[in-house]
>>> print(open('input-v4.cif').read())   # mmCIF, C-alpha atoms
data_coords
loop_
_atom_site.group_PDB
_atom_site.id
_atom_site.type_symbol
_atom_site.label_atom_id
_atom_site.label_comp_id
_atom_site.auth_asym_id
_atom_site.auth_seq_id
_atom_site.Cartn_x
_atom_site.Cartn_y
_atom_site.Cartn_z
ATOM 1 C CA MET A 139 0.000 0.000 0.000
ATOM 2 C CA SER A 140 1.313 3.473 -0.900
ATOM 3 C CA SER A 141 1.452 6.206 1.741
ATOM 4 C CA GLN A 142 -1.872 7.523 0.383
ATOM 5 C CA PRO A 143 -4.338 4.634 0.608
ATOM 6 C CA LYS A 144 -7.458 4.912 -1.532
ATOM 7 C CA LEU A 145 -10.540 4.818 0.659
ATOM 8 C CA MET A 146 -14.093 3.818 0.019
ATOM 9 C CA VAL A 147 -16.534 5.041 2.662
ATOM 10 C CA VAL A 148 -19.980 3.489 2.548
ATOM 11 C CA ALA A 149 -23.383 4.075 4.152
ATOM 12 C CA SER A 150 -26.995 3.796 3.076
ATOM 13 C CA ALA A 151 -28.836 7.127 3.003
ATOM 14 C CA GLY A 152 -30.407 8.272 6.273
ATOM 15 C CA GLY A 153 -29.053 7.634 9.769
ATOM 16 C CA HIS A 154 -26.115 5.478 8.650
ATOM 17 C CA TRP A 155 -25.008 8.262 6.306
ATOM 18 C CA VAL A 156 -25.333 11.003 8.935
ATOM 19 C CA GLN A 157 -23.092 8.948 11.244
ATOM 20 C CA LEU A 158 -20.522 8.302 8.495
ATOM 21 C CA MET A 159 -20.264 12.014 7.727
ATOM 22 C CA ARG A 160 -19.492 12.787 11.378
ATOM 23 C CA LEU A 161 -16.353 10.612 11.048
ATOM 24 C CA ARG A 162 -14.857 12.307 8.016
ATOM 25 C CA MET A 163 -11.946 13.940 9.878
ATOM 26 C CA ALA A 164 -10.547 10.389 9.909
ATOM 27 C CA TRP A 165 -9.980 10.563 6.126
ATOM 28 C CA ARG A 166 -9.606 14.285 5.599
ATOM 29 C CA GLY A 167 -7.172 14.985 2.765
ATOM 30 C CA LEU A 168 -7.040 11.363 1.565
ATOM 31 C CA PRO A 169 -8.452 10.210 -1.805
ATOM 32 C CA VAL A 170 -11.994 9.017 -1.089
ATOM 33 C CA ILE A 171 -14.881 7.394 -2.921
ATOM 34 C CA TYR A 172 -18.221 7.910 -1.173
ATOM 35 C CA LEU A 173 -20.849 5.231 -1.791
ATOM 36 C CA SER A 174 -24.506 5.564 -0.771
ATOM 37 C CA THR A 175 -28.065 4.910 -1.965
ATOM 38 C CA GLU A 176 -29.315 8.417 -2.782
ATOM 39 C CA PRO A 177 -27.914 10.167 -5.892
ATOM 40 C CA GLY A 178 -28.828 13.569 -4.396
ATOM 41 C CA LEU A 179 -26.074 13.132 -1.805
ATOM 42 C CA ALA A 180 -23.462 13.844 -4.512
ATOM 43 C CA ASP A 181 -24.248 17.535 -3.981
ATOM 44 C CA ILE A 182 -23.739 17.295 -0.243
ATOM 45 C CA VAL A 183 -20.422 15.467 -0.659
ATOM 46 C CA ALA A 184 -19.160 18.143 -3.085
ATOM 47 C CA THR A 185 -20.098 20.902 -0.644
ATOM 48 C CA VAL A 186 -18.664 19.384 2.530
ATOM 49 C CA THR A 187 -15.378 18.218 0.967
ATOM 50 C CA ARG A 188 -14.881 21.779 -0.299
ATOM 51 C CA GLU A 189 -15.666 23.192 3.142
ATOM 52 C CA ASP A 190 -13.327 20.684 4.815
ATOM 53 C CA GLY A 191 -10.495 21.631 2.450
ATOM 54 C CA SER A 192 -10.281 18.047 1.172
ATOM 55 C CA PRO A 193 -9.551 17.181 -2.477
ATOM 56 C CA PRO A 194 -12.737 16.629 -4.563
ATOM 57 C CA ALA A 195 -14.174 13.205 -3.723
ATOM 58 C CA THR A 196 -15.770 10.668 -6.039
ATOM 59 C CA PHE A 197 -19.397 9.801 -5.353
ATOM 60 C CA ALA A 198 -21.258 6.658 -6.422
ATOM 61 C CA SER A 199 -24.819 5.583 -5.700
ATOM 62 C CA VAL A 200 -26.470 2.154 -5.734
ATOM 63 C CA THR A 201 -30.076 0.947 -5.477
ATOM 64 C CA ASP A 202 -31.653 1.411 -2.065
ATOM 65 C CA ALA A 203 -32.958 -1.787 -0.441
ATOM 66 C CA ASN A 204 -33.795 -3.239 2.946
ATOM 67 C CA LEU A 205 -33.606 -6.819 4.173
ATOM 68 C CA SER A 206 -37.216 -7.589 3.196
ATOM 69 C CA GLU A 207 -36.771 -6.575 -0.466
ATOM 70 C CA LYS A 208 -34.893 -9.550 -1.900
ATOM 71 C CA GLY A 209 -34.946 -8.456 -5.549
ATOM 72 C CA ARG A 210 -33.686 -4.973 -4.838
ATOM 73 C CA LEU A 211 -31.138 -6.357 -2.403
ATOM 74 C CA LEU A 212 -29.723 -8.620 -5.112
ATOM 75 C CA ARG A 213 -29.517 -5.693 -7.504
ATOM 76 C CA GLN A 214 -27.761 -3.654 -4.830
ATOM 77 C CA LEU A 215 -25.266 -6.471 -4.272
ATOM 78 C CA PHE A 216 -24.274 -6.504 -7.961
ATOM 79 C CA GLU A 217 -24.061 -2.730 -8.132
ATOM 80 C CA VAL A 218 -21.821 -2.634 -5.057
ATOM 81 C CA LEU A 219 -19.616 -5.334 -6.609
ATOM 82 C CA LEU A 220 -19.230 -3.231 -9.773
ATOM 83 C CA VAL A 221 -18.305 -0.116 -7.792
ATOM 84 C CA VAL A 222 -15.739 -2.025 -5.702
ATOM 85 C CA LEU A 223 -14.258 -3.607 -8.844
ATOM 86 C CA ARG A 224 -14.119 -0.262 -10.595
ATOM 87 C CA TYR A 225 -12.283 1.602 -7.834
ATOM 88 C CA ARG A 226 -10.421 -1.228 -6.045
ATOM 89 C CA PRO A 227 -10.090 0.666 -2.733
ATOM 90 C CA ASP A 228 -7.253 -0.102 -0.293
ATOM 91 C CA VAL A 229 -9.471 0.569 2.720
ATOM 92 C CA ILE A 230 -13.248 0.237 3.201
ATOM 93 C CA ILE A 231 -15.048 1.957 6.052
ATOM 94 C CA THR A 232 -18.757 1.584 6.664
ATOM 95 C CA THR A 233 -21.433 2.417 9.228
ATOM 96 C CA GLY A 234 -23.895 0.029 7.483
ATOM 97 C CA ALA A 235 -26.334 -1.080 6.517
ATOM 98 C CA ALA A 236 -26.750 -3.537 3.585
ATOM 99 C CA PRO A 237 -24.541 -1.731 1.001
ATOM 100 C CA GLY A 238 -21.837 -1.340 3.644
ATOM 101 C CA TYR A 239 -22.015 -5.035 4.458
ATOM 102 C CA PHE A 240 -21.677 -5.962 0.762
ATOM 103 C CA ALA A 241 -18.869 -3.485 0.152
ATOM 104 C CA LEU A 242 -16.941 -4.768 3.157
ATOM 105 C CA ARG A 243 -17.311 -8.410 2.090
ATOM 106 C CA PHE A 244 -16.196 -7.658 -1.499
ATOM 107 C CA GLY A 245 -13.431 -5.400 -0.266
ATOM 108 C CA LYS A 246 -12.107 -8.137 1.989
ATOM 109 C CA LEU A 247 -12.229 -10.573 -0.921
ATOM 110 C CA PHE A 248 -10.025 -8.243 -2.974
ATOM 111 C CA GLY A 249 -7.558 -7.603 -0.164
ATOM 112 C CA ALA A 250 -8.750 -4.281 1.229
ATOM 113 C CA ARG A 251 -8.401 -3.308 4.882
ATOM 114 C CA THR A 252 -11.936 -3.281 6.289
ATOM 115 C CA ILE A 253 -13.581 -1.280 9.070
ATOM 116 C CA TRP A 254 -17.143 -1.837 10.331
ATOM 117 C CA ILE A 255 -18.604 0.744 12.692
ATOM 118 C CA ASP A 256 -21.943 -0.560 13.895
ATOM 119 C CA SER A 257 -24.692 2.069 13.949
ATOM 120 C CA MET A 258 -25.280 3.992 17.155
ATOM 121 C CA ALA A 259 -28.930 3.027 16.705
ATOM 122 C CA ASN A 260 -28.020 -0.476 17.909
ATOM 123 C CA ALA A 261 -27.807 0.204 21.630
ATOM 124 C CA GLU A 262 -29.051 -3.150 22.970
ATOM 125 C CA THR A 263 -27.589 -5.593 20.472
ATOM 126 C CA LEU A 264 -25.559 -5.394 17.264
ATOM 127 C CA SER A 265 -27.440 -5.320 13.964
ATOM 128 C CA LYS A 266 -27.794 -8.641 12.120
ATOM 129 C CA SER A 267 -25.302 -7.555 9.458
ATOM 130 C CA GLY A 268 -23.090 -6.111 12.200
ATOM 131 C CA ARG A 269 -22.843 -9.507 13.912
ATOM 132 C CA GLU A 270 -22.238 -11.446 10.711
ATOM 133 C CA VAL A 271 -19.616 -9.064 9.385
ATOM 134 C CA GLY A 272 -17.384 -9.515 12.449
ATOM 135 C CA LYS A 273 -15.138 -12.202 11.003
ATOM 136 C CA TYR A 274 -14.487 -10.188 7.829
ATOM 137 C CA ALA A 275 -13.796 -6.837 9.470
ATOM 138 C CA ASP A 276 -10.161 -6.018 10.320
ATOM 139 C CA LEU A 277 -11.530 -3.438 12.730
ATOM 140 C CA TRP A 278 -14.932 -4.344 14.156
ATOM 141 C CA LEU A 279 -16.505 -1.620 16.260
ATOM 142 C CA THR A 280 -19.637 -0.928 18.261
ATOM 143 C CA GLN A 281 -20.460 2.600 19.385
ATOM 144 C CA TRP A 282 -21.706 1.413 22.783
ATOM 145 C CA GLU A 283 -19.171 0.536 25.463
ATOM 146 C CA HIS A 284 -21.479 -2.015 27.117
ATOM 147 C CA LEU A 285 -21.697 -4.039 23.861
ATOM 148 C CA ALA A 286 -17.902 -4.363 23.459
ATOM 149 C CA ARG A 287 -16.325 -7.806 24.002
ATOM 150 C CA PRO A 288 -12.654 -8.880 24.232
ATOM 151 C CA GLU A 289 -13.007 -10.864 20.978
ATOM 152 C CA GLY A 290 -14.927 -7.993 19.341
ATOM 153 C CA PRO A 291 -16.770 -5.908 18.591
ATOM 154 C CA HIS A 292 -14.510 -3.311 20.169
ATOM 155 C CA TYR A 293 -15.299 0.153 21.420
ATOM 156 C CA MET A 294 -13.259 3.131 20.251
ATOM 157 C CA GLY A 295 -15.795 5.934 20.651
ATOM 158 C CA SER A 296 -19.074 7.077 19.168
ATOM 159 C CA VAL A 297 -20.162 9.686 16.645
ATOM 160 C CA LEU A 298 -22.022 11.594 19.377
ATOM 161 C CA MET B 581 -42.501 26.016 11.576
ATOM 162 C CA ILE B 582 -42.755 22.506 12.982
ATOM 163 C CA PHE B 583 -41.228 19.728 10.886
ATOM 164 C CA LEU B 584 -42.670 16.249 11.365
ATOM 165 C CA THR B 585 -40.599 13.491 9.775
ATOM 166 C CA THR B 586 -40.954 9.716 9.913
ATOM 167 C CA GLY B 587 -37.967 8.903 7.716
ATOM 168 C CA THR B 588 -38.155 7.471 4.219
ATOM 169 C CA GLN B 589 -38.096 3.736 4.924
ATOM 170 C CA LEU B 590 -41.303 2.837 6.732
ATOM 171 C CA PRO B 591 -44.672 4.365 7.615
ATOM 172 C CA PHE B 592 -45.337 5.458 11.199
ATOM 173 C CA ASP B 593 -49.016 6.412 11.404
ATOM 174 C CA ARG B 594 -49.156 6.125 15.209
ATOM 175 C CA LEU B 595 -46.864 9.165 15.411
ATOM 176 C CA VAL B 596 -48.677 11.076 12.648
ATOM 177 C CA ARG B 597 -52.044 10.536 14.357
ATOM 178 C CA ALA B 598 -50.679 11.539 17.777
ATOM 179 C CA VAL B 599 -49.211 14.742 16.337
ATOM 180 C CA ASP B 600 -52.465 15.496 14.483
ATOM 181 C CA ASP B 601 -54.458 15.118 17.724
ATOM 182 C CA TRP B 602 -51.964 17.278 19.609
ATOM 183 C CA VAL B 603 -52.099 20.039 16.960
ATOM 184 C CA GLU B 604 -55.882 20.106 17.247
ATOM 185 C CA LYS B 605 -55.814 20.494 21.026
ATOM 186 C CA ALA B 606 -52.633 22.518 21.603
ATOM 187 C CA LYS B 607 -53.047 24.814 18.564
ATOM 188 C CA PRO B 608 -49.304 25.572 18.235
ATOM 189 C CA GLY B 609 -50.149 28.444 15.878
ATOM 190 C CA CYS B 610 -47.451 27.796 13.292
ATOM 191 C CA GLU B 611 -47.075 25.975 10.002
ATOM 192 C CA ILE B 612 -46.617 22.184 10.182
ATOM 193 C CA PHE B 613 -44.557 20.597 7.423
ATOM 194 C CA ALA B 614 -44.816 16.804 7.368
ATOM 195 C CA GLN B 615 -42.692 14.254 5.510
ATOM 196 C CA VAL B 616 -44.607 11.016 5.923
ATOM 197 C CA LEU B 617 -44.400 7.696 4.153
ATOM 198 C CA PRO B 618 -48.071 6.597 3.986
ATOM 199 C CA ALA B 619 -49.098 3.146 5.231
ATOM 200 C CA THR B 620 -49.858 0.737 2.364
ATOM 201 C CA HIS B 621 -53.249 -0.230 3.789
ATOM 202 C CA GLY B 622 -55.636 2.437 5.055
ATOM 203 C CA PRO B 623 -53.106 5.226 5.548
ATOM 204 C CA TYR B 624 -53.989 7.789 8.215
ATOM 205 C CA ARG B 625 -54.874 11.166 6.725
ATOM 206 C CA PRO B 626 -54.103 14.034 9.101
ATOM 207 C CA ARG B 627 -56.800 16.721 9.422
ATOM 208 C CA ASN B 628 -54.505 19.548 10.412
ATOM 209 C CA PHE B 629 -51.597 19.454 7.969
ATOM 210 C CA ASP B 630 -50.559 18.238 4.521
ATOM 211 C CA THR B 631 -47.921 15.588 4.040
ATOM 212 C CA ARG B 632 -45.159 14.945 1.532
ATOM 213 C CA GLU B 633 -43.814 11.483 0.902
ATOM 214 C CA ARG B 634 -40.220 12.291 0.023
ATOM 215 C CA LEU B 635 -37.837 15.227 0.084
ATOM 216 C CA SER B 636 -34.579 15.629 -1.788
ATOM 217 C CA PRO B 637 -31.537 15.965 0.518
ATOM 218 C CA ARG B 638 -31.395 19.667 -0.385
ATOM 219 C CA ASP B 639 -35.096 20.337 0.389
ATOM 220 C CA TYR B 640 -34.788 18.330 3.579
ATOM 221 C CA ALA B 641 -31.841 20.484 4.705
ATOM 222 C CA GLU B 642 -33.732 23.684 3.873
ATOM 223 C CA ILE B 643 -36.874 22.693 5.778
ATOM 224 C CA PHE B 644 -34.819 21.433 8.680
ATOM 225 C CA ASP B 645 -33.111 24.834 8.877
ATOM 226 C CA LYS B 646 -36.419 26.716 8.854
ATOM 227 C CA ALA B 647 -38.067 24.547 11.515
ATOM 228 C CA ARG B 648 -38.078 25.595 15.182
ATOM 229 C CA LEU B 649 -39.181 22.146 16.368
ATOM 230 C CA ILE B 650 -38.563 18.718 14.836
ATOM 231 C CA ILE B 651 -40.924 15.846 15.653
ATOM 232 C CA SER B 652 -39.563 12.491 14.573
ATOM 233 C CA HIS B 653 -39.269 8.741 14.986
ATOM 234 C CA ALA B 654 -36.286 7.825 17.164
ATOM 235 C CA GLY B 655 -33.893 7.500 14.198
ATOM 236 C CA MET B 656 -30.260 8.464 14.808
ATOM 237 C CA GLY B 657 -30.039 10.451 11.564
ATOM 238 C CA THR B 658 -32.759 12.911 12.495
ATOM 239 C CA ILE B 659 -31.572 13.110 16.110
ATOM 240 C CA LEU B 660 -27.964 13.874 15.097
ATOM 241 C CA THR B 661 -29.050 16.410 12.493
ATOM 242 C CA ALA B 662 -31.243 18.235 15.035
ATOM 243 C CA LEU B 663 -28.503 18.287 17.697
ATOM 244 C CA THR B 664 -25.869 19.640 15.281
ATOM 245 C CA ARG B 665 -28.207 22.437 14.200
ATOM 246 C CA GLY B 666 -29.311 23.418 17.680
ATOM 247 C CA LYS B 667 -32.951 22.488 17.092
ATOM 248 C CA GLN B 668 -35.463 21.339 19.637
ATOM 249 C CA ILE B 669 -36.455 17.763 18.749
ATOM 250 C CA CYS B 670 -39.112 15.477 20.175
ATOM 251 C CA ILE B 671 -38.704 11.761 19.405
ATOM 252 C CA MET B 672 -40.986 8.748 19.748
ATOM 253 C CA PRO B 673 -39.741 5.191 19.013
ATOM 254 C CA ARG B 674 -41.171 2.743 16.495
ATOM 255 C CA GLN B 675 -42.186 -0.580 18.030
ATOM 256 C CA VAL B 676 -42.234 -4.100 16.653
ATOM 257 C CA LYS B 677 -45.563 -4.931 18.313
ATOM 258 C CA TYR B 678 -47.253 -2.410 16.003
ATOM 259 C CA ASN B 679 -45.294 -3.644 12.943
ATOM 260 C CA GLU B 680 -43.456 -0.351 12.769
ATOM 261 C CA HIS B 681 -39.959 -1.824 12.459
ATOM 262 C CA ARG B 682 -38.049 -5.108 12.336
ATOM 263 C CA ASN B 683 -36.807 -4.789 15.923
ATOM 264 C CA ASP B 684 -37.095 -2.485 18.934
ATOM 265 C CA HIS B 685 -33.769 -0.680 18.505
ATOM 266 C CA GLN B 686 -35.547 2.710 18.454
ATOM 267 C CA PHE B 687 -36.937 1.978 21.898
ATOM 268 C CA ALA B 688 -33.378 1.237 23.038
ATOM 269 C CA THR B 689 -32.249 4.552 21.552
ATOM 270 C CA VAL B 690 -34.820 6.419 23.644
ATOM 271 C CA GLU B 691 -33.810 4.487 26.790
ATOM 272 C CA ARG B 692 -30.034 4.639 26.331
ATOM 273 C CA LEU B 693 -29.401 8.015 24.764
ATOM 274 C CA LYS B 694 -28.044 10.594 27.190
ATOM 275 C CA ASP B 695 -29.968 13.796 27.808
ATOM 276 C CA TYR B 696 -29.066 16.655 25.528
ATOM 277 C CA PRO B 697 -30.400 20.196 25.683
ATOM 278 C CA GLY B 698 -33.320 20.450 23.293
ATOM 279 C CA LEU B 699 -33.912 16.672 23.096
ATOM 280 C CA PHE B 700 -37.374 15.591 24.290
ATOM 281 C CA LYS B 701 -38.086 11.868 24.534
ATOM 282 C CA ALA B 702 -41.556 10.327 24.515
ATOM 283 C CA ARG B 703 -41.825 6.569 24.939
ATOM 284 C CA ASP B 704 -45.223 6.389 23.250
ATOM 285 C CA GLU B 705 -48.220 8.377 21.987
ATOM 286 C CA HIS B 706 -49.490 8.838 25.558
ATOM 287 C CA GLU B 707 -46.318 10.634 26.638
ATOM 288 C CA LEU B 708 -46.010 12.612 23.421
ATOM 289 C CA PRO B 709 -48.429 15.526 24.082
ATOM 290 C CA THR B 710 -46.774 16.578 27.359
ATOM 291 C CA ARG B 711 -43.309 16.277 25.818
ATOM 292 C CA LEU B 712 -44.450 18.369 22.842
ATOM 293 C CA ASP B 713 -45.896 20.989 25.205
ATOM 294 C CA ALA B 714 -42.572 21.083 27.073
ATOM 295 C CA ALA B 715 -40.668 21.398 23.788
ATOM 296 C CA MET B 716 -42.899 24.292 22.683
ATOM 297 C CA ARG B 717 -42.343 26.093 25.995
ATOM 298 C CA SER B 718 -38.573 25.687 25.673
ATOM 299 C CA ILE B 719 -38.614 27.151 22.157
ATOM 300 C CA GLY B 720 -39.998 30.340 23.620
ATOM 301 C CA SER B 721 -37.270 30.600 26.259
ATOM 302 C CA SER B 722 -34.039 29.375 24.652
ATOM 303 C CA ARG B 723 -32.255 27.771 21.775
ATOM 304 C CA PRO B 724 -30.182 24.693 22.617
ATOM 305 C CA GLU B 725 -26.465 24.965 22.008
ATOM 306 C CA ALA B 726 -25.561 22.950 18.930
ATOM 307 C CA ILE B 727 -23.168 20.010 19.262
ATOM 308 C CA GLY B 728 -20.116 19.928 16.958
ATOM 309 C CA LEU B 729 -20.303 18.657 13.379
ATOM 310 C CA PHE B 730 -17.792 15.893 13.983
ATOM 311 C CA ALA B 731 -17.288 12.883 16.208
ATOM 312 C CA ASP B 732 -14.816 13.128 19.084
ATOM 313 C CA ARG B 733 -11.308 13.885 17.778
ATOM 314 C CA GLY B 734 -9.756 11.011 19.720
ATOM 315 C CA PHE B 735 -12.040 8.556 17.946
ATOM 316 C CA THR B 736 -11.364 9.867 14.427
ATOM 317 C CA ASP B 737 -7.610 10.137 15.120
ATOM 318 C CA ASN B 738 -7.556 6.445 16.090
ATOM 319 C CA LEU B 739 -9.559 5.544 12.983
ATOM 320 C CA ARG B 740 -7.137 7.501 10.842
ATOM 321 C CA LYS B 741 -4.215 5.659 12.392
ATOM 322 C CA PHE B 742 -5.873 2.348 11.525
ATOM 323 C CA ILE B 743 -6.611 3.532 7.962
ATOM 324 C CA LEU B 744 -2.967 4.436 7.433
ATOM 325 C CA THR B 745 -1.196 1.656 9.343
ATOM 326 C CA GLY B 746 -3.641 -1.174 10.023
ATOM 327 C CA GLN B 747 -2.772 -0.840 13.722
ATOM 328 C CA THR B 748 -4.966 0.498 16.501
#
>>> encode(input="input-v4.cif", output="C-alpha cells")
Amino acid sequence: MSSQPKLMVVASAGGHWVQLMRLRMAWRGLPVIYLSTEPGLADIVATVTREDGSPPATFASVTDANLSEKGRLLRQLFEVLLVVLRYRPDVIITTGAAPGYFALRFGKLFGARTIWIDSMANAETLSKSGREVGKYADLWLTQWEHLARPEGPHYMGSVL
Amino acid sequence: MIFLTTGTQLPFDRLVRAVDDWVEKAKPGCEIFAQVLPATHGPYRPRNFDTRERLSPRDYAEIFDKARLIISHAGMGTILTALTRGKQICIMPRQVKYNEHRNDHQFATVERLKDYPGLFKARDEHELPTRLDAAMRSIGSSRPEAIGLFADRGFTDNLRKFILTGQT
C-alpha cells in the first residue's frame, strides 16, 4: 500500500449516512470514494469536501434496499460489486447497513483493509449484518461501550 | 414552523395521528410541514396538515433549517441532524408490536441516549403531548447549544491511524 491509501466510505442514506459524515476527519485529505443509496447526496459530498479543504471526492450511488426486499437487495449487491471492482479501494469503512455489508465483504475478498462501525442506533444488540460481518472486518466496532467484548466488537468511541 | 418526519423507509401512522391530535388540542399556531411515508393499507390522513412522501436531501436540509421544532421517529439520523443544528427535537420510538420496524432498537435509543439540551423523549403516543408541550415552551425561552459537526477527535484520530497503518 502506498502512503496515500485509496478509501471507500460506505453508508446507506439516512441515519447510517449522517453517522458516516461525522467521522470524516478520519480521512480528511485522503483520496476518497463515497458510496450511498441516494444520488442527491453527490451535492452534499461536493459541498462538505470543499468546506473541509479536502480534495474533490468521487461519489457513487447504488439501489436502495432493505432486508425484506430480496430483488432490490440482489440488484444492490451486484451494483456494489461493480463499484468495488471499478475503484479497487485499499481501505473500506462503513457504518452500514446492507450496502456497507456488501462493500466490506467484497473489499475483503479483494484484499482491502476493512472497518465496520456498527450504527449507534443499535444500543441493545448489534445489527444482524453487524454480527455477521465480524469475522471479515479487520476493525470491528460498536459505538456502545457495554456491547464491546474482548473478541470484538470493540469500542473506540461514538459519533455523538 | 414545525417539521414532522418519519424517515423514508417505513410508515409510522401512530406518530402522525398523535401529532395530528396534539395540533388540534394545543393549537401551536405555526405551520406544520410533514414528511410522511403513507401506510400501504388504510393510511392515516391528518386533518390539520398536509404531508409529503419524500424530500430531496437539499429540500430536507432547507426545511430542517427553517423549523423551530422537529418531531420524529427515534432515528439516529434525524436526532444527530437536530442536535448539530441546535434544534429542539421530540422523538418517539417505532415498536415491533405495532409492525413499525423489524426490531425495537428505536426503543433502546430512547432508553439509552443521554440527555441533551433540546432533546425531548416520549416513549409512546401517551407521553407525546406533554413532551411536545414542554418542547414548545422551551422554544420560547431558549435555543439549545448545537453540538459539533464531527465525532470526538480522539475517535477519528484512532480511525485515521488504523486507515494508514492497520494498527490500533
>>> atom_distance(input="input-v4.cif", atom1="atom CA of Trp165 of chain A", atom2="atom CA of Phe730 of chain B")
12.3 Å
>>> interface_residues(input="input-v4.cif", of="chain B", to="chain A", cutoff="8 Å", atoms="all atoms listed in the file", output="VMD selection string")
chain B and resid 587 636 to 638 655 to 658 660 to 661 685 to 686 688 to 689 692 729 to 740 743 to 744 746
>>> residues_around(input="input-v4.cif", residues="Asn679 of chain B", least_positions_apart="3", cutoff="12 Å", atoms="all atoms listed in the file", output="MDAnalysis selection string")
chainID B and resid 590:594 619 674:676 682:684
>>> atom_distance(input="input-v4.cif", atom1="atom CA of Trp602 of chain B", atom2="atom CA of Arg717 of chain B")
14.5 Å
>>> resolve_selection(input="input-v4.cif", expression="the PyMOL selection byres ((chain B and resi 633) around 9)", output="list in words")
Thr588, Ala614, Gln615, Val616, Leu617, Pro618, Thr631, Arg632, Arg634 and Leu635 of chain B
>>> closest_residue(input="input-v4.cif", among="B:Phe687, B:Tyr678, B:Phe583, B:Tyr624", to="Lys646 of chain B", atoms="all atoms listed in the file")
B:Phe583
>>> residues_around(input="input-v4.cif", residues="Lys701 of chain B", least_positions_apart="3", cutoff="12 Å", atoms="all atoms listed in the file", output="CSV table (one decimal) with C-alpha atoms, keeping the file's coordinate frame")
chain,number,residue,atom,x,y,z
B,650,ILE,CA,-38.6,18.7,14.8
B,651,ILE,CA,-40.9,15.8,15.7
B,652,SER,CA,-39.6,12.5,14.6
B,653,HIS,CA,-39.3,8.7,15.0
B,654,ALA,CA,-36.3,7.8,17.2
B,655,GLY,CA,-33.9,7.5,14.2
B,659,ILE,CA,-31.6,13.1,16.1
B,668,GLN,CA,-35.5,21.3,19.6
B,669,ILE,CA,-36.5,17.8,18.7
B,670,CYS,CA,-39.1,15.5,20.2
B,671,ILE,CA,-38.7,11.8,19.4
B,672,MET,CA,-41.0,8.7,19.7
B,673,PRO,CA,-39.7,5.2,19.0
B,686,GLN,CA,-35.5,2.7,18.5
B,687,PHE,CA,-36.9,2.0,21.9
B,688,ALA,CA,-33.4,1.2,23.0
B,689,THR,CA,-32.2,4.6,21.6
B,690,VAL,CA,-34.8,6.4,23.6
B,691,GLU,CA,-33.8,4.5,26.8
B,692,ARG,CA,-30.0,4.6,26.3
B,693,LEU,CA,-29.4,8.0,24.8
B,694,LYS,CA,-28.0,10.6,27.2
B,695,ASP,CA,-30.0,13.8,27.8
B,696,TYR,CA,-29.1,16.7,25.5
B,697,PRO,CA,-30.4,20.2,25.7
B,698,GLY,CA,-33.3,20.4,23.3
B,704,ASP,CA,-45.2,6.4,23.2
B,705,GLU,CA,-48.2,8.4,22.0
B,706,HIS,CA,-49.5,8.8,25.6
B,707,GLU,CA,-46.3,10.6,26.6
B,708,LEU,CA,-46.0,12.6,23.4
B,709,PRO,CA,-48.4,15.5,24.1
B,710,THR,CA,-46.8,16.6,27.4
B,711,ARG,CA,-43.3,16.3,25.8
B,712,LEU,CA,-44.4,18.4,22.8
B,714,ALA,CA,-42.6,21.1,27.1
B,715,ALA,CA,-40.7,21.4,23.8
>>> residues_around(input="input-v4.cif", residues="Val222 of chain A", least_positions_apart="5", cutoff="12 Å", atoms="all atoms listed in the file", output="PyMOL selection string")
chain A and resi 144-148+171-173+198-200+215-217+227-230+237-238+240-250
>>> decode(input="input-v4.cif", residues="segment 672-691 of chain B", atoms="C-alpha atoms", output="mmCIF file, in the first residue's frame")
data_model
loop_
_atom_site.group_PDB
_atom_site.id
_atom_site.type_symbol
_atom_site.label_atom_id
_atom_site.label_comp_id
_atom_site.auth_asym_id
_atom_site.auth_seq_id
_atom_site.Cartn_x
_atom_site.Cartn_y
_atom_site.Cartn_z
ATOM 1 C CA MET B 672 -40.986 8.748 19.748
ATOM 2 C CA PRO B 673 -39.741 5.191 19.013
ATOM 3 C CA ARG B 674 -41.171 2.743 16.495
ATOM 4 C CA GLN B 675 -42.186 -0.580 18.030
ATOM 5 C CA VAL B 676 -42.234 -4.100 16.653
ATOM 6 C CA LYS B 677 -45.563 -4.931 18.313
ATOM 7 C CA TYR B 678 -47.253 -2.410 16.003
ATOM 8 C CA ASN B 679 -45.294 -3.644 12.943
ATOM 9 C CA GLU B 680 -43.456 -0.351 12.769
ATOM 10 C CA HIS B 681 -39.959 -1.824 12.459
ATOM 11 C CA ARG B 682 -38.049 -5.108 12.336
ATOM 12 C CA ASN B 683 -36.807 -4.789 15.923
ATOM 13 C CA ASP B 684 -37.095 -2.485 18.934
ATOM 14 C CA HIS B 685 -33.769 -0.680 18.505
ATOM 15 C CA GLN B 686 -35.547 2.710 18.454
ATOM 16 C CA PHE B 687 -36.937 1.978 21.898
ATOM 17 C CA ALA B 688 -33.378 1.237 23.038
ATOM 18 C CA THR B 689 -32.249 4.552 21.552
ATOM 19 C CA VAL B 690 -34.820 6.419 23.644
ATOM 20 C CA GLU B 691 -33.810 4.487 26.790
#
